[in-house]
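Undergrad: Dropping the structure in here first, questions after.
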Amino acid sequence: QDQLVESGGGLVQAGGSLRLSCAASGRTFSDYAMGWFRQTPGKEREFVAAVSWSGASTYYADSVKGRFTISKDNPKNTVYLQMNSLKPEDTAVYYCAAAGPYYSRSDYYTARNYDYWGQGTQVTVSS
C-alpha cells in the first residue's frame, strides 16, 4: 500500500524550531515532487513548500520564506520540513503530499495537483 506518514509535530514556543518528516512506503517516491501543506479549522488547505522530483528546485509560500526549508532524501524515501523562527500563526495540521511521477507542471501550489497525501501532524506554536 502506497502511503505517506508524517511525524515530528508538537508544541513549541514562538521562536523555536521543529523538523517534520514524511516517510513514504509502498512505491518509491524519489521520482515524485513533494509538498507540504497546512490547514487550520474552517480554512482551506494552504501551500507551504514544495520540492521538484529531481530535488533541484524548491518553492515556498511568502509567509514561510526564509524560515522554512524543504529537503528530499531519496535513498530514505523521506522528505523533511525544517521550520525555524516559528510563529503562533504557523499553528496548523501539516500534511505531506506527492505529485508525479516526474511531475512537470509549473504549479506546485495547488493541492489538487498532488496524488498522495499523508494523515497530517499537528504543529502548535505558543506565544
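Every chain in the C-alpha cells takes a letter, A first, then B, and so on in the order presented; its residues are numbered from 1, and the ligands are numbered from 1 following the presented order.
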May I have the residues within 6 Å of Tyr95 (chain A) as an MDAnalysis selection string, using only C-alpha atoms and disregarding those fewer than 2 positions away in the same chain?

TA: chainID A and resid 36:38 118 120

Undergrad: What's around Ser85 (chain A) at 9 Å? Count only C-alpha atoms, leave out sequence neighbours fewer than 3 positions away in its own chain, and write the answer as a PDB file with C-alpha atoms, in the first residue's frame.

TA:
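The result, stored in around-v5.pdb:
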```pdb
ATOM      1  CA  ALA A  14       7.325  31.118  19.445  1.00  0.00           C
ATOM      2  CA  GLY A  15      10.805  31.493  18.030  1.00  0.00           C
ATOM      3  CA  GLY A  16      11.509  27.793  18.346  1.00  0.00           C
ATOM      4  CA  SER A  17      12.123  25.127  15.722  1.00  0.00           C
ATOM      5  CA  ARG A  67      12.196  30.448   7.890  1.00  0.00           C
ATOM      6  CA  PHE A  68      11.283  27.026   6.484  1.00  0.00           C
TER       7      PHE A  68
END
```

Undergrad: Considering only strand (DSSP E) as DSSP defines it on the backbone, what residues of chain A qualify? List them as a ChimeraX atom specification.

TA: /A:3-7,10-13,18-25,33-39,46-51,58-60,68-73,78-83,92-99,116-117,121-126

Undergrad: Skipping near chain neighbours, those fewer than 6 positions away, what residues fall within 9 Å of Glu6 (chain A) using only C-alpha atoms, listed as a ChimeraX atom specification?

TA: /A:20-24,94-96,118-121

Undergrad: For a quick check of understanding, using only C-alpha atoms, which of A:Asn77, A:Gln122, A:Thr58, A:Thr40 has the smallest distance to Gln3 (chain A)?

TA: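 Once distances to Gln3 (chain A) are computed over only C-alpha atoms, the minimum belongs to A:Asn77.
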
Undergrad: Name the closest residue to Pro88 (chain A) among the candidates A:Thr28, A:Ser7, A:Thr124, A:Thr69; distances are taken between atoms, counting only C-alpha atoms.

TA: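 Ranked by minimum distance to Pro88 (chain A), first place goes to A:Thr124.
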